[in-house]
Amino acid sequence: QVQLVESGGGLVQTGGSLRLSCAASASIAGFNVMAWYRQAPGKQRELVAEFSRLIVTYADSVKGRFTFSTDNSKNTAYLQMNNLKPEDTGVYFCHVRAGYKNILNSWGPGTQVTVSS
């Protein structure tokens, strides 16, 4: 099982920026999918950004503000979040799928992002 650890969350004012990191215990080059999800209080977990087959897709709510990237040498994925809004508040989770038919499916424990108005 791949271990994932997120970091970089915190408290920021509206319009501010944060960069989240997701460090994996295995080579990320072999993953089928790497993704960031978030969960706001009282809401379902939602997809924020997904990287698969060299393509990144974003939720409409974050397009133009968030950027997904990876550093294979560090086995780490990042989520650069700019122009943050209060509605971006939530716990952000890193998620990976790998192997034949995505038999490997791992989640990190999450990192809290709070955007104050």
# chains A, B, ... in the order shown; residues from 1 in each chain; ligands from 1
$ select_by_dssp --residues "chain A" --states "strand (DSSP E)" --output "ChimeraX atom specification"
/A:4-7,10-13,18-24,31-39,46-52,55-58,66-71,76-81,90-98,104-107,111-116
$ closest_atom_pairs --of "segment 10-38 of chain A" --to "segment 106-114 of chain A" --cutoff "9 Å" --atoms "only C-alpha atoms" --output "CSV"
residue,atom,partner,partner_atom,distance
A:Gly10,CA,A:Val113,CA,5.0
A:Leu11,CA,A:Thr114,CA,4.7
A:Val12,CA,A:Thr114,CA,6.3
A:Gln13,CA,A:Thr114,CA,8.3
A:Leu18,CA,A:Val113,CA,8.6
A:Leu20,CA,A:Thr111,CA,8.2
A:Cys22,CA,A:Gly108,CA,8.0
A:Arg38,CA,A:Gly110,CA,8.5
$ closest_atom_pairs --of "segment 8-49 of chain A" --to "segment 74-97 of chain A" --cutoff "6 Å" --atoms "only C-alpha atoms" --output "CSV"
residue,atom,partner,partner_atom,distance
A:Thr14,CA,A:Lys85,CA,5.1
A:Gly15,CA,A:Asn83,CA,4.0
A:Gly16,CA,A:Asn83,CA,5.4
A:Ser17,CA,A:Asn82,CA,4.4
A:Leu18,CA,A:Met81,CA,5.3
A:Arg19,CA,A:Gln80,CA,4.4
A:Leu20,CA,A:Leu79,CA,5.0
A:Ser21,CA,A:Tyr78,CA,4.5
A:Cys22,CA,A:Ala77,CA,5.0
A:Ala23,CA,A:Thr76,CA,4.4
A:Ala24,CA,A:Asn75,CA,5.6
A:Ser27,CA,A:Asn75,CA,5.5
A:Ile28,CA,A:Asn75,CA,5.3
A:Asn32,CA,A:Arg97,CA,5.6
A:Val33,CA,A:Arg97,CA,5.1
A:Met34,CA,A:Val96,CA,4.5
A:Ala35,CA,A:His95,CA,5.1
A:Trp36,CA,A:Cys94,CA,4.8
A:Tyr37,CA,A:Phe93,CA,5.1
A:Arg38,CA,A:Tyr92,CA,4.2
A:Gln39,CA,A:Gly90,CA,5.2
A:Ala40,CA,A:Gly90,CA,4.2
$ atom_distance --atom1 "atom CA of Asn102 of chain A" --atom2 "atom CA of Gly30 of chain A"
11.3 Å
$ select_by_dssp --residues "segment 3-116 of chain A" --states "helix (DSSP H, G or I)" --output "ChimeraX atom specification"
/A:28-30,72-74,86-88,100-102
$ closest_residue --among "A:Ile103, A:Leu4, A:Ala49, A:Val115" --to "Ser69 of chain A" --atoms "only C-alpha atoms"
A:Ala49
$ atom_distance --atom1 "atom CA of Ala26 of chain A" --atom2 "atom CA of Val2 of chain A"
6.2 Å
$ decode --residues "segment 18-55 of chain A" --atoms "N, CA and C atoms" --output "PDB file, in the first residue's frame"
ATOM      1  N   LEU A  18      -1.773  29.360  -1.043  1.00  0.00           N
ATOM      2  CA  LEU A  18      -1.150  28.258  -0.323  1.00  0.00           C
ATOM      3  C   LEU A  18      -0.662  27.243  -1.347  1.00  0.00           C
ATOM      4  N   ARG A  19       0.370  26.501  -0.978  1.00  0.00           N
ATOM      5  CA  ARG A  19       0.801  25.380  -1.802  1.00  0.00           C
ATOM      6  C   ARG A  19       0.766  24.115  -0.961  1.00  0.00           C
ATOM      7  N   LEU A  20      -0.053  23.184  -1.388  1.00  0.00           N
ATOM      8  CA  LEU A  20      -0.148  21.893  -0.720  1.00  0.00           C
ATOM      9  C   LEU A  20       0.834  20.919  -1.357  1.00  0.00           C
ATOM     10  N   SER A  21       1.356  20.042  -0.520  1.00  0.00           N
ATOM     11  CA  SER A  21       2.248  18.986  -0.995  1.00  0.00           C
ATOM     12  C   SER A  21       1.688  17.628  -0.603  1.00  0.00           C
ATOM     13  N   CYS A  22       1.944  16.648  -1.456  1.00  0.00           N
ATOM     14  CA  CYS A  22       1.551  15.277  -1.177  1.00  0.00           C
ATOM     15  C   CYS A  22       2.773  14.395  -1.440  1.00  0.00           C
ATOM     16  N   ALA A  23       3.377  13.910  -0.378  1.00  0.00           N
ATOM     17  CA  ALA A  23       4.558  13.063  -0.502  1.00  0.00           C
ATOM     18  C   ALA A  23       4.141  11.598  -0.483  1.00  0.00           C
ATOM     19  N   ALA A  24       4.590  10.855  -1.486  1.00  0.00           N
ATOM     20  CA  ALA A  24       4.245   9.442  -1.607  1.00  0.00           C
ATOM     21  C   ALA A  24       5.423   8.564  -1.204  1.00  0.00           C
ATOM     22  N   SER A  25       5.095   7.371  -0.703  1.00  0.00           N
ATOM     23  CA  SER A  25       6.136   6.443  -0.255  1.00  0.00           C
ATOM     24  C   SER A  25       6.663   5.587  -1.399  1.00  0.00           C
ATOM     25  N   ALA A  26       6.117   5.791  -2.599  1.00  0.00           N
ATOM     26  CA  ALA A  26       6.559   5.037  -3.766  1.00  0.00           C
ATOM     27  C   ALA A  26       6.683   5.975  -4.950  1.00  0.00           C
ATOM     28  N   SER A  27       7.292   5.481  -5.992  1.00  0.00           N
ATOM     29  CA  SER A  27       7.472   6.301  -7.186  1.00  0.00           C
ATOM     30  C   SER A  27       6.128   6.693  -7.778  1.00  0.00           C
ATOM     31  N   ILE A  28       5.942   7.997  -7.963  1.00  0.00           N
ATOM     32  CA  ILE A  28       4.668   8.464  -8.506  1.00  0.00           C
ATOM     33  C   ILE A  28       4.601   8.292 -10.017  1.00  0.00           C
ATOM     34  N   ALA A  29       5.720   8.001 -10.623  1.00  0.00           N
ATOM     35  CA  ALA A  29       5.737   7.843 -12.080  1.00  0.00           C
ATOM     36  C   ALA A  29       4.871   6.664 -12.530  1.00  0.00           C
ATOM     37  N   GLY A  30       4.670   5.725 -11.636  1.00  0.00           N
ATOM     38  CA  GLY A  30       3.898   4.545 -12.004  1.00  0.00           C
ATOM     39  C   GLY A  30       2.419   4.621 -11.684  1.00  0.00           C
ATOM     40  N   PHE A  31       1.980   5.732 -11.137  1.00  0.00           N
ATOM     41  CA  PHE A  31       0.569   5.850 -10.774  1.00  0.00           C
ATOM     42  C   PHE A  31      -0.288   6.097 -12.006  1.00  0.00           C
ATOM     43  N   ASN A  32      -1.470   5.516 -12.021  1.00  0.00           N
ATOM     44  CA  ASN A  32      -2.415   5.782 -13.096  1.00  0.00           C
ATOM     45  C   ASN A  32      -3.070   7.146 -12.903  1.00  0.00           C
ATOM     46  N   VAL A  33      -3.366   7.464 -11.659  1.00  0.00           N
ATOM     47  CA  VAL A  33      -4.068   8.703 -11.336  1.00  0.00           C
ATOM     48  C   VAL A  33      -3.488   9.287 -10.055  1.00  0.00           C
ATOM     49  N   MET A  34      -3.293  10.594 -10.053  1.00  0.00           N
ATOM     50  CA  MET A  34      -3.021  11.344  -8.822  1.00  0.00           C
ATOM     51  C   MET A  34      -4.038  12.464  -8.775  1.00  0.00           C
ATOM     52  N   ALA A  35      -4.589  12.675  -7.607  1.00  0.00           N
ATOM     53  CA  ALA A  35      -5.668  13.658  -7.527  1.00  0.00           C
ATOM     54  C   ALA A  35      -5.685  14.349  -6.169  1.00  0.00           C
ATOM     55  N   TRP A  36      -6.279  15.504  -6.162  1.00  0.00           N
ATOM     56  CA  TRP A  36      -6.587  16.245  -4.939  1.00  0.00           C
ATOM     57  C   TRP A  36      -8.111  16.330  -4.819  1.00  0.00           C
ATOM     58  N   TYR A  37      -8.586  16.004  -3.639  1.00  0.00           N
ATOM     59  CA  TYR A  37      -9.994  16.157  -3.283  1.00  0.00           C
ATOM     60  C   TYR A  37     -10.084  17.091  -2.091  1.00  0.00           C
ATOM     61  N   ARG A  38     -11.265  17.590  -1.838  1.00  0.00           N
ATOM     62  CA  ARG A  38     -11.488  18.367  -0.637  1.00  0.00           C
ATOM     63  C   ARG A  38     -12.870  18.060  -0.078  1.00  0.00           C
ATOM     64  N   GLN A  39     -12.983  18.301   1.216  1.00  0.00           N
ATOM     65  CA  GLN A  39     -14.261  18.077   1.885  1.00  0.00           C
ATOM     66  C   GLN A  39     -14.513  19.223   2.846  1.00  0.00           C
ATOM     67  N   ALA A  40     -15.571  19.955   2.565  1.00  0.00           N
ATOM     68  CA  ALA A  40     -15.981  21.046   3.445  1.00  0.00           C
ATOM     69  C   ALA A  40     -16.885  20.479   4.537  1.00  0.00           C
ATOM     70  N   PRO A  41     -16.987  21.172   5.664  1.00  0.00           N
ATOM     71  CA  PRO A  41     -17.845  20.699   6.747  1.00  0.00           C
ATOM     72  C   PRO A  41     -19.273  20.473   6.277  1.00  0.00           C
ATOM     73  N   GLY A  42     -19.800  19.303   6.551  1.00  0.00           N
ATOM     74  CA  GLY A  42     -21.176  18.999   6.196  1.00  0.00           C
ATOM     75  C   GLY A  42     -21.415  18.695   4.729  1.00  0.00           C
ATOM     76  N   LYS A  43     -20.337  18.604   3.962  1.00  0.00           N
ATOM     77  CA  LYS A  43     -20.488  18.344   2.534  1.00  0.00           C
ATOM     78  C   LYS A  43     -19.745  17.076   2.131  1.00  0.00           C
ATOM     79  N   GLN A  44     -20.073  16.579   0.951  1.00  0.00           N
ATOM     80  CA  GLN A  44     -19.386  15.401   0.435  1.00  0.00           C
ATOM     81  C   GLN A  44     -18.011  15.778  -0.095  1.00  0.00           C
ATOM     82  N   ARG A  45     -17.145  14.801  -0.101  1.00  0.00           N
ATOM     83  CA  ARG A  45     -15.820  15.007  -0.673  1.00  0.00           C
ATOM     84  C   ARG A  45     -15.968  15.239  -2.164  1.00  0.00           C
ATOM     85  N   GLU A  46     -15.208  16.219  -2.682  1.00  0.00           N
ATOM     86  CA  GLU A  46     -15.314  16.548  -4.106  1.00  0.00           C
ATOM     87  C   GLU A  46     -13.932  16.591  -4.744  1.00  0.00           C
ATOM     88  N   LEU A  47     -13.911  16.270  -6.013  1.00  0.00           N
ATOM     89  CA  LEU A  47     -12.668  16.293  -6.779  1.00  0.00           C
ATOM     90  C   LEU A  47     -12.272  17.734  -7.071  1.00  0.00           C
ATOM     91  N   VAL A  48     -11.014  18.050  -6.829  1.00  0.00           N
ATOM     92  CA  VAL A  48     -10.491  19.388  -7.106  1.00  0.00           C
ATOM     93  C   VAL A  48      -9.644  19.368  -8.374  1.00  0.00           C
ATOM     94  N   ALA A  49      -8.724  18.436  -8.452  1.00  0.00           N
ATOM     95  CA  ALA A  49      -7.845  18.332  -9.618  1.00  0.00           C
ATOM     96  C   ALA A  49      -7.380  16.887  -9.748  1.00  0.00           C
ATOM     97  N   GLU A  50      -7.270  16.451 -10.996  1.00  0.00           N
ATOM     98  CA  GLU A  50      -6.877  15.071 -11.263  1.00  0.00           C
ATOM     99  C   GLU A  50      -5.856  15.030 -12.392  1.00  0.00           C
ATOM    100  N   PHE A  51      -4.808  14.247 -12.187  1.00  0.00           N
ATOM    101  CA  PHE A  51      -3.753  14.084 -13.176  1.00  0.00           C
ATOM    102  C   PHE A  51      -3.743  12.640 -13.627  1.00  0.00           C
ATOM    103  N   SER A  52      -3.989  12.429 -14.924  1.00  0.00           N
ATOM    104  CA  SER A  52      -4.023  11.083 -15.473  1.00  0.00           C
ATOM    105  C   SER A  52      -3.627  11.149 -16.943  1.00  0.00           C
ATOM    106  N   ARG A  53      -2.746  10.230 -17.341  1.00  0.00           N
ATOM    107  CA  ARG A  53      -2.303  10.166 -18.740  1.00  0.00           C
ATOM    108  C   ARG A  53      -1.813  11.527 -19.221  1.00  0.00           C
ATOM    109  N   LEU A  54      -1.058  12.189 -18.366  1.00  0.00           N
ATOM    110  CA  LEU A  54      -0.399  13.459 -18.681  1.00  0.00           C
ATOM    111  C   LEU A  54      -1.371  14.631 -18.823  1.00  0.00           C
ATOM    112  N   ILE A  55      -2.612  14.424 -18.437  1.00  0.00           N
ATOM    113  CA  ILE A  55      -3.609  15.490 -18.542  1.00  0.00           C
ATOM    114  C   ILE A  55      -4.114  15.834 -17.143  1.00  0.00           C
TER     115      ILE A  55
END
